[in-house]
file target.cif (mmCIF, C-alpha atoms)
data_run
#
loop_
_atom_site.label_atom_id
_atom_site.label_comp_id
_atom_site.auth_asym_id
_atom_site.auth_seq_id
_atom_site.Cartn_x
_atom_site.Cartn_y
_atom_site.Cartn_z
CA MET B 1064 14.63 -5.05 -2.50
CA LYS B 1065 13.17 -3.04 0.34
CA TYR B 1066 9.72 -2.47 -1.19
CA ARG B 1067 7.40 -4.23 -3.64
CA ALA B 1068 5.03 -2.58 -6.14
CA LEU B 1069 2.19 -4.30 -7.97
CA ILE B 1070 1.72 -3.06 -11.54
CA VAL B 1071 -1.74 -3.93 -12.88
CA ASP B 1072 -2.53 -3.30 -16.56
CA ASP B 1073 -3.92 -5.50 -19.32
CA GLU B 1074 -1.69 -3.95 -21.99
CA ARG B 1075 1.62 -5.82 -22.11
CA ILE B 1076 3.43 -2.85 -23.70
CA ILE B 1077 2.37 -0.58 -20.81
CA VAL B 1078 3.39 -3.12 -18.17
CA ASN B 1079 6.76 -3.67 -19.85
CA GLY B 1080 7.34 0.07 -20.11
CA ILE B 1081 6.52 0.62 -16.44
CA MET B 1082 8.64 -2.37 -15.39
CA ARG B 1083 11.68 -0.90 -17.22
CA LEU B 1084 11.55 2.49 -15.50
CA PRO B 1085 14.82 3.25 -13.67
CA ILE B 1086 12.93 4.58 -10.64
CA TRP B 1087 12.46 1.06 -9.28
CA LEU B 1088 16.15 0.53 -8.76
CA SER B 1089 16.74 4.04 -7.42
CA LEU B 1090 13.91 3.67 -4.86
CA ASP B 1091 14.76 0.04 -4.02
CA ILE B 1092 11.37 -1.19 -5.27
CA GLU B 1093 10.70 -4.57 -6.87
CA PRO B 1094 7.93 -4.17 -9.49
CA VAL B 1095 5.63 -7.18 -9.96
CA PRO B 1096 3.32 -7.34 -13.01
CA ALA B 1097 -0.32 -8.46 -13.15
CA MET B 1098 -2.40 -8.45 -16.33
CA THR B 1099 -5.85 -8.42 -14.66
CA GLY B 1100 -7.46 -7.36 -11.42
CA LEU B 1101 -8.14 -11.01 -10.56
CA GLN B 1102 -4.50 -11.93 -11.08
CA ALA B 1103 -3.50 -8.95 -8.93
CA LEU B 1104 -5.75 -10.12 -6.07
CA GLU B 1105 -4.20 -13.59 -6.29
CA LEU B 1106 -0.70 -12.11 -6.12
CA MET B 1107 -1.73 -10.07 -3.08
CA GLU B 1108 -2.59 -13.31 -1.28
CA GLN B 1109 0.98 -14.51 -1.87
CA TYR B 1110 3.07 -11.35 -1.39
CA ARG B 1111 3.07 -8.14 0.63
CA PHE B 1112 2.92 -5.02 -1.56
CA ASP B 1113 3.82 -1.49 -0.56
CA LEU B 1114 2.43 0.26 -3.65
CA ILE B 1115 -0.25 -0.48 -6.24
CA ILE B 1116 -0.29 1.09 -9.70
CA THR B 1117 -3.35 0.07 -11.69
CA ASP B 1118 -5.17 0.78 -14.90
CA ILE B 1119 -8.93 1.30 -14.84
CA ARG B 1120 -10.25 -0.38 -17.98
CA MET B 1121 -9.33 -4.09 -17.94
CA PRO B 1122 -11.15 -7.32 -18.78
CA GLU B 1123 -12.60 -9.61 -16.09
CA MET B 1124 -12.36 -6.98 -13.34
CA ASP B 1125 -11.76 -3.29 -13.92
CA GLY B 1126 -9.30 -1.30 -11.85
CA LEU B 1127 -11.96 0.35 -9.68
CA GLU B 1128 -13.46 -3.01 -8.75
CA PHE B 1129 -9.96 -4.34 -8.08
CA ILE B 1130 -9.24 -1.38 -5.77
CA SER B 1131 -12.58 -1.84 -4.02
CA GLN B 1132 -11.89 -5.56 -3.41
CA MET B 1133 -8.28 -4.93 -2.39
CA ARG B 1134 -9.29 -2.20 0.10
CA LYS B 1135 -11.43 -4.70 2.04
CA VAL B 1136 -8.29 -6.59 3.07
CA TYR B 1137 -5.52 -4.01 2.56
CA PRO B 1138 -7.03 -0.59 3.27
CA ASP B 1139 -3.78 1.31 3.67
CA ILE B 1140 -1.66 0.41 0.63
CA PRO B 1141 -0.90 3.58 -1.37
CA THR B 1142 -2.63 3.20 -4.72
CA VAL B 1143 -2.11 5.08 -7.97
CA VAL B 1144 -4.41 4.91 -10.97
CA LEU B 1145 -2.68 5.16 -14.34
CA SER B 1146 -5.42 5.37 -16.95
CA GLY B 1147 -5.90 6.33 -20.55
CA TYR B 1148 -9.29 7.73 -19.60
CA ASP B 1149 -9.39 11.31 -18.40
CA SER B 1150 -12.91 10.89 -17.02
CA PHE B 1151 -14.18 12.87 -14.05
CA ALA B 1152 -16.47 9.98 -13.07
CA TYR B 1153 -13.53 7.55 -12.92
CA ALA B 1154 -11.38 10.04 -11.04
CA LYS B 1155 -14.16 10.77 -8.55
CA GLU B 1156 -14.78 7.09 -7.85
CA ALA B 1157 -11.03 6.48 -7.52
CA VAL B 1158 -10.74 9.29 -4.97
CA ASN B 1159 -13.71 7.83 -3.06
CA LEU B 1160 -11.77 4.54 -2.93
CA GLY B 1161 -8.79 6.31 -1.34
CA VAL B 1162 -6.52 6.46 -4.37
CA MET B 1163 -3.43 8.55 -3.78
CA GLU B 1164 -3.05 9.81 -7.37
CA TYR B 1165 -4.94 9.60 -10.66
CA LEU B 1166 -2.54 9.91 -13.59
CA THR B 1167 -3.48 9.81 -17.26
CA LYS B 1168 -1.59 7.93 -19.97
CA PRO B 1169 0.66 8.57 -21.68
CA ILE B 1170 2.93 10.14 -19.10
CA SER B 1171 5.52 12.11 -20.99
CA ASN B 1172 7.38 13.30 -17.89
CA LYS B 1173 8.75 10.27 -16.02
CA LYS B 1174 9.58 12.56 -13.07
CA ILE B 1175 5.85 12.57 -12.24
CA ILE B 1176 5.97 8.81 -11.58
CA LEU B 1177 9.17 9.21 -9.57
CA ASP B 1178 7.57 11.91 -7.41
CA VAL B 1179 4.43 9.83 -6.84
CA CYS B 1180 6.46 6.74 -5.92
CA MET B 1181 8.67 8.74 -3.58
CA LYS B 1182 5.58 10.14 -1.86
CA ALA B 1183 4.11 6.63 -1.57
CA MET B 1184 7.31 5.20 -0.10
CA GLN B 1185 7.39 8.06 2.41
CA ARG B 1186 3.87 7.04 3.51
CA VAL B 1187 4.98 3.41 3.76
CA GLU B 1188 7.99 4.36 5.90
CA GLU B 1189 5.81 6.50 8.18
CA ALA B 1190 3.36 3.62 8.62
CA ARG B 1191 6.20 1.19 9.33
CA GLN B 1192 7.67 3.58 11.91
CA LYS B 1193 4.27 3.97 13.59
CA ARG B 1194 3.83 0.18 13.76
CA SER B 1195 7.32 -0.15 15.22
CA ASP B 1196 6.62 2.55 17.82
CA ASP B 1197 3.28 0.94 18.72
CA LEU B 1198 4.97 -2.45 19.13
CA LYS B 1199 7.61 -0.95 21.45
CA ILE B 1200 4.88 0.67 23.58
CA ARG B 1201 2.98 -2.64 23.78
CA GLU B 1202 6.14 -4.48 24.82
CA ARG B 1203 6.79 -1.93 27.57
CA LEU B 1204 3.21 -2.19 28.78
CA GLU B 1205 3.49 -5.97 28.96
CA ILE B 1206 6.37 -5.47 31.40
CA VAL B 1207 4.93 -2.57 33.39
CA VAL B 1208 1.29 -3.65 33.81
CA PRO B 1209 2.07 -6.84 35.79
CA MET B 1210 4.38 -4.81 38.03
CA ILE B 1211 1.63 -2.27 38.68
CA GLU B 1212 -0.93 -5.01 39.28
CA SER B 1213 1.29 -6.83 41.77
CA GLY B 1214 2.08 -3.55 43.54
CA PHE B 1215 -1.63 -2.77 43.75
CA ILE B 1216 -2.44 -6.21 45.16
CA TYR B 1217 0.42 -5.92 47.65
CA ASN B 1218 -0.86 -2.52 48.80
CA MET B 1219 -4.40 -3.88 49.15
CA LEU B 1220 -3.16 -6.77 51.30
CA GLN B 1221 -1.13 -4.40 53.49
CA ASP B 1222 -4.05 -2.04 53.96
CA ASP B 1223 -6.58 -4.13 55.91
CA GLY B 1224 -8.14 -0.95 57.26
#

call {"tool": "encode", "arguments": {"input": "target.cif", "output": "structure tokens"}}
result
Amino acid sequence: MKYRALIVDDERIIVNGIMRLPIWLSLDIEPVPAMTGLQALELMEQYRFDLIITDIRMPEMDGLEFISQMRKVYPDIPTVVLSGYDSFAYAKEAVNLGVMEYLTKPISNKKIILDVCMKAMQRVEEARQKRSDDLKIRERLEIVVPMIESGFIYNMLQDDG
């Protein structure tokens, strides 16, 4: 699989339903389940994730706390909240934490999840391309800078004036 998504929800039926969506195969995404925010943080220490989909209301650590903790180490992972609570306070806090989308359960139109995942994977690809471009520039600078420095030193030695 090209990408990996972390699915965080304490309701097994929700996790199983999300894990069985056909979008994962079509977008080349491996979904990985976590039943709590703490378990999700532990998984994030072991694996690299390209997308996070999380519930808000969970035992031990709610989704907003999980996002807050996760953002300290992984500030740029696209994150989607999938919650049964259509609360403005939750949505506002999620937006303040940099959440890409706030979706409410149940989602009757699976195309919404597909569109959100496609948008997230586009962001991931753009970030990967930027990192690749930055690495190429750094590699070129590592070659050019010593040449410039040696040319400068040579010119200084030649110019005793």

call {"tool": "residues_near_point", "arguments": {"input": "target.cif", "point": "(-8.0, -6.1, -10.4)", "cutoff": "6 Å", "atoms": "only C-alpha atoms", "output": "list of chain:residue names"}}
result
B:Thr1099, B:Gly1100, B:Leu1101, B:Ala1103, B:Met1124, B:Asp1125, B:Gly1126, B:Phe1129

call {"tool": "resolve_selection", "arguments": {"input": "target.cif", "expression": "the PyMOL selection byres ((chain B and resi 1113) around 8)", "output": "ChimeraX atom specification"}}
result
/B:1066-1068,1111-1112,1114-1115,1140-1141,1184,1187

call {"tool": "write_last_selection", "arguments": {"input": "target.cif", "atoms": "C-alpha atoms", "output": "tab-separated table (two decimals), in the frame of the given file"}}
result
chain	number	residue	atom	x	y	z
B	1066	TYR	CA	9.72	-2.47	-1.19
B	1067	ARG	CA	7.40	-4.23	-3.64
B	1068	ALA	CA	5.03	-2.58	-6.14
B	1111	ARG	CA	3.07	-8.14	0.63
B	1112	PHE	CA	2.92	-5.02	-1.56
B	1114	LEU	CA	2.43	0.26	-3.65
B	1115	ILE	CA	-0.25	-0.48	-6.24
B	1140	ILE	CA	-1.66	0.41	0.63
B	1141	PRO	CA	-0.90	3.58	-1.37
B	1184	MET	CA	7.31	5.20	-0.10
B	1187	VAL	CA	4.98	3.41	3.76

call {"tool": "resolve_selection", "arguments": {"input": "target.cif", "expression": "the PyMOL selection byres ((chain B and resi 1091) around 8)", "output": "PyMOL selection string"}}
result
chain B and resi 1064-1066+1087-1090+1092-1093

call {"tool": "closest_residue", "arguments": {"input": "target.cif", "among": "B:Glu1128, B:Glu1188, B:Asp1118, B:Asp1197", "to": "Thr1167 in chain B", "atoms": "only C-alpha atoms"}}
result
B:Asp1118

call {"tool": "resolve_selection", "arguments": {"input": "target.cif", "expression": "the PyMOL selection byres ((chain B and resi 1097) around 9)", "output": "list in words"}}
result
Leu1069, Ile1070, Val1071, Asp1072, Asp1073, Val1078, Val1095, Pro1096, Met1098, Thr1099, Gly1100, Leu1101, Gln1102, Ala1103 and Leu1106 of chain B

call {"tool": "axis_aligned_box", "arguments": {"input": "target.cif", "around": "range 1163-1175 of chain B", "padding_each_side": "6 Å", "output": "lines of an AutoDock Vina configuration file"}}
result
center_x = 2.3
center_y = 10.6
center_z = -12.7
size_x = 26.5
size_y = 17.4
size_z = 29.9

call {"tool": "atom_distance", "arguments": {"input": "target.cif", "atom1": "CA of Pro1085 in chain B", "atom2": "CA of Lys1174 in chain B"}}
result
10.7 Å

call {"tool": "closest_residue", "arguments": {"input": "target.cif", "among": "B:Glu1189, B:Asp1149, B:Glu1202, B:Glu1074", "to": "Met1121 in chain B", "atoms": "only C-alpha atoms"}}
result
B:Glu1074

call {"tool": "atom_distance", "arguments": {"input": "target.cif", "atom1": "CA of Pro1169 in chain B", "atom2": "CA of Pro1122 in chain B"}}
result
20.0 Å

call {"tool": "residues_near_point", "arguments": {"input": "target.cif", "point": "(-1.3, 7.5, 6.8)", "cutoff": "8 Å", "atoms": "only C-alpha atoms", "output": "ChimeraX atom specification"}}
result
/B:1139,1186,1189-1190

call {"tool": "atom_distance", "arguments": {"input": "target.cif", "atom1": "CA of Gly1147 in chain B", "atom2": "CA of Lys1168 in chain B"}}
result
4.6 Å

call {"tool": "closest_residue", "arguments": {"input": "target.cif", "among": "B:Val1208, B:Lys1135, B:Leu1166, B:Lys1193", "to": "Tyr1148 in chain B", "atoms": "all atoms listed in the file"}}
result
B:Leu1166

call {"tool": "closest_residue", "arguments": {"input": "target.cif", "among": "B:Leu1204, B:Met1210, B:Cys1180, B:Ser1146", "to": "Ile1077 in chain B", "atoms": "only C-alpha atoms"}}
result
B:Ser1146

call {"tool": "build_atoms", "arguments": {"input": "target.cif", "residues": "range 1108-1126 of chain B", "atoms": "N, CA and C atoms", "output": "PDB file, in the frame of the given file"}}
result
ATOM      1  N   GLU B1108      -2.467 -12.250  -2.289  1.00  0.00           N
ATOM      2  CA  GLU B1108      -2.590 -13.310  -1.280  1.00  0.00           C
ATOM      3  C   GLU B1108      -1.224 -13.949  -1.010  1.00  0.00           C
ATOM      4  N   GLN B1109      -0.324 -13.861  -1.985  1.00  0.00           N
ATOM      5  CA  GLN B1109       0.980 -14.510  -1.870  1.00  0.00           C
ATOM      6  C   GLN B1109       2.080 -13.577  -1.357  1.00  0.00           C
ATOM      7  N   TYR B1110       1.998 -12.301  -1.688  1.00  0.00           N
ATOM      8  CA  TYR B1110       3.070 -11.350  -1.390  1.00  0.00           C
ATOM      9  C   TYR B1110       2.522 -10.102  -0.700  1.00  0.00           C
ATOM     10  N   ARG B1111       3.405  -9.427   0.023  1.00  0.00           N
ATOM     11  CA  ARG B1111       3.070  -8.140   0.630  1.00  0.00           C
ATOM     12  C   ARG B1111       3.504  -7.050  -0.352  1.00  0.00           C
ATOM     13  N   PHE B1112       2.610  -6.131  -0.652  1.00  0.00           N
ATOM     14  CA  PHE B1112       2.920  -5.020  -1.560  1.00  0.00           C
ATOM     15  C   PHE B1112       2.857  -3.709  -0.801  1.00  0.00           C
ATOM     16  N   ASP B1113       3.744  -2.808  -1.194  1.00  0.00           N
ATOM     17  CA  ASP B1113       3.820  -1.490  -0.560  1.00  0.00           C
ATOM     18  C   ASP B1113       3.180  -0.410  -1.424  1.00  0.00           C
ATOM     19  N   LEU B1114       2.972  -0.709  -2.694  1.00  0.00           N
ATOM     20  CA  LEU B1114       2.430   0.260  -3.650  1.00  0.00           C
ATOM     21  C   LEU B1114       1.669  -0.501  -4.721  1.00  0.00           C
ATOM     22  N   ILE B1115       0.538   0.076  -5.133  1.00  0.00           N
ATOM     23  CA  ILE B1115      -0.250  -0.480  -6.240  1.00  0.00           C
ATOM     24  C   ILE B1115      -0.350   0.597  -7.310  1.00  0.00           C
ATOM     25  N   ILE B1116      -0.043   0.215  -8.552  1.00  0.00           N
ATOM     26  CA  ILE B1116      -0.290   1.090  -9.700  1.00  0.00           C
ATOM     27  C   ILE B1116      -1.186   0.298 -10.632  1.00  0.00           C
ATOM     28  N   THR B1117      -2.377   0.836 -10.903  1.00  0.00           N
ATOM     29  CA  THR B1117      -3.350   0.070 -11.690  1.00  0.00           C
ATOM     30  C   THR B1117      -4.027   0.909 -12.763  1.00  0.00           C
ATOM     31  N   ASP B1118      -4.348   0.221 -13.837  1.00  0.00           N
ATOM     32  CA  ASP B1118      -5.170   0.780 -14.900  1.00  0.00           C
ATOM     33  C   ASP B1118      -6.625   0.702 -14.449  1.00  0.00           C
ATOM     34  N   ILE B1119      -7.506   1.376 -15.173  1.00  0.00           N
ATOM     35  CA  ILE B1119      -8.930   1.300 -14.840  1.00  0.00           C
ATOM     36  C   ILE B1119      -9.646   0.283 -15.729  1.00  0.00           C
ATOM     37  N   ARG B1120      -9.516   0.455 -17.034  1.00  0.00           N
ATOM     38  CA  ARG B1120     -10.250  -0.380 -17.980  1.00  0.00           C
ATOM     39  C   ARG B1120      -9.465  -1.655 -18.276  1.00  0.00           C
ATOM     40  N   MET B1121      -9.952  -2.777 -17.724  1.00  0.00           N
ATOM     41  CA  MET B1121      -9.330  -4.090 -17.940  1.00  0.00           C
ATOM     42  C   MET B1121     -10.425  -5.131 -18.031  1.00  0.00           C
ATOM     43  N   PRO B1122     -10.151  -6.246 -18.723  1.00  0.00           N
ATOM     44  CA  PRO B1122     -11.150  -7.320 -18.780  1.00  0.00           C
ATOM     45  C   PRO B1122     -11.255  -8.034 -17.441  1.00  0.00           C
ATOM     46  N   GLU B1123     -12.300  -8.804 -17.292  1.00  0.00           N
ATOM     47  CA  GLU B1123     -12.600  -9.610 -16.090  1.00  0.00           C
ATOM     48  C   GLU B1123     -12.990  -8.746 -14.905  1.00  0.00           C
ATOM     49  N   MET B1124     -12.107  -7.840 -14.497  1.00  0.00           N
ATOM     50  CA  MET B1124     -12.360  -6.980 -13.340  1.00  0.00           C
ATOM     51  C   MET B1124     -11.659  -5.656 -13.608  1.00  0.00           C
ATOM     52  N   ASP B1125     -12.419  -4.569 -13.643  1.00  0.00           N
ATOM     53  CA  ASP B1125     -11.760  -3.290 -13.920  1.00  0.00           C
ATOM     54  C   ASP B1125     -10.979  -2.812 -12.689  1.00  0.00           C
ATOM     55  N   GLY B1126     -10.174  -1.792 -12.903  1.00  0.00           N
ATOM     56  CA  GLY B1126      -9.300  -1.300 -11.850  1.00  0.00           C
ATOM     57  C   GLY B1126     -10.040  -0.794 -10.629  1.00  0.00           C
TER      58      GLY B1126
END
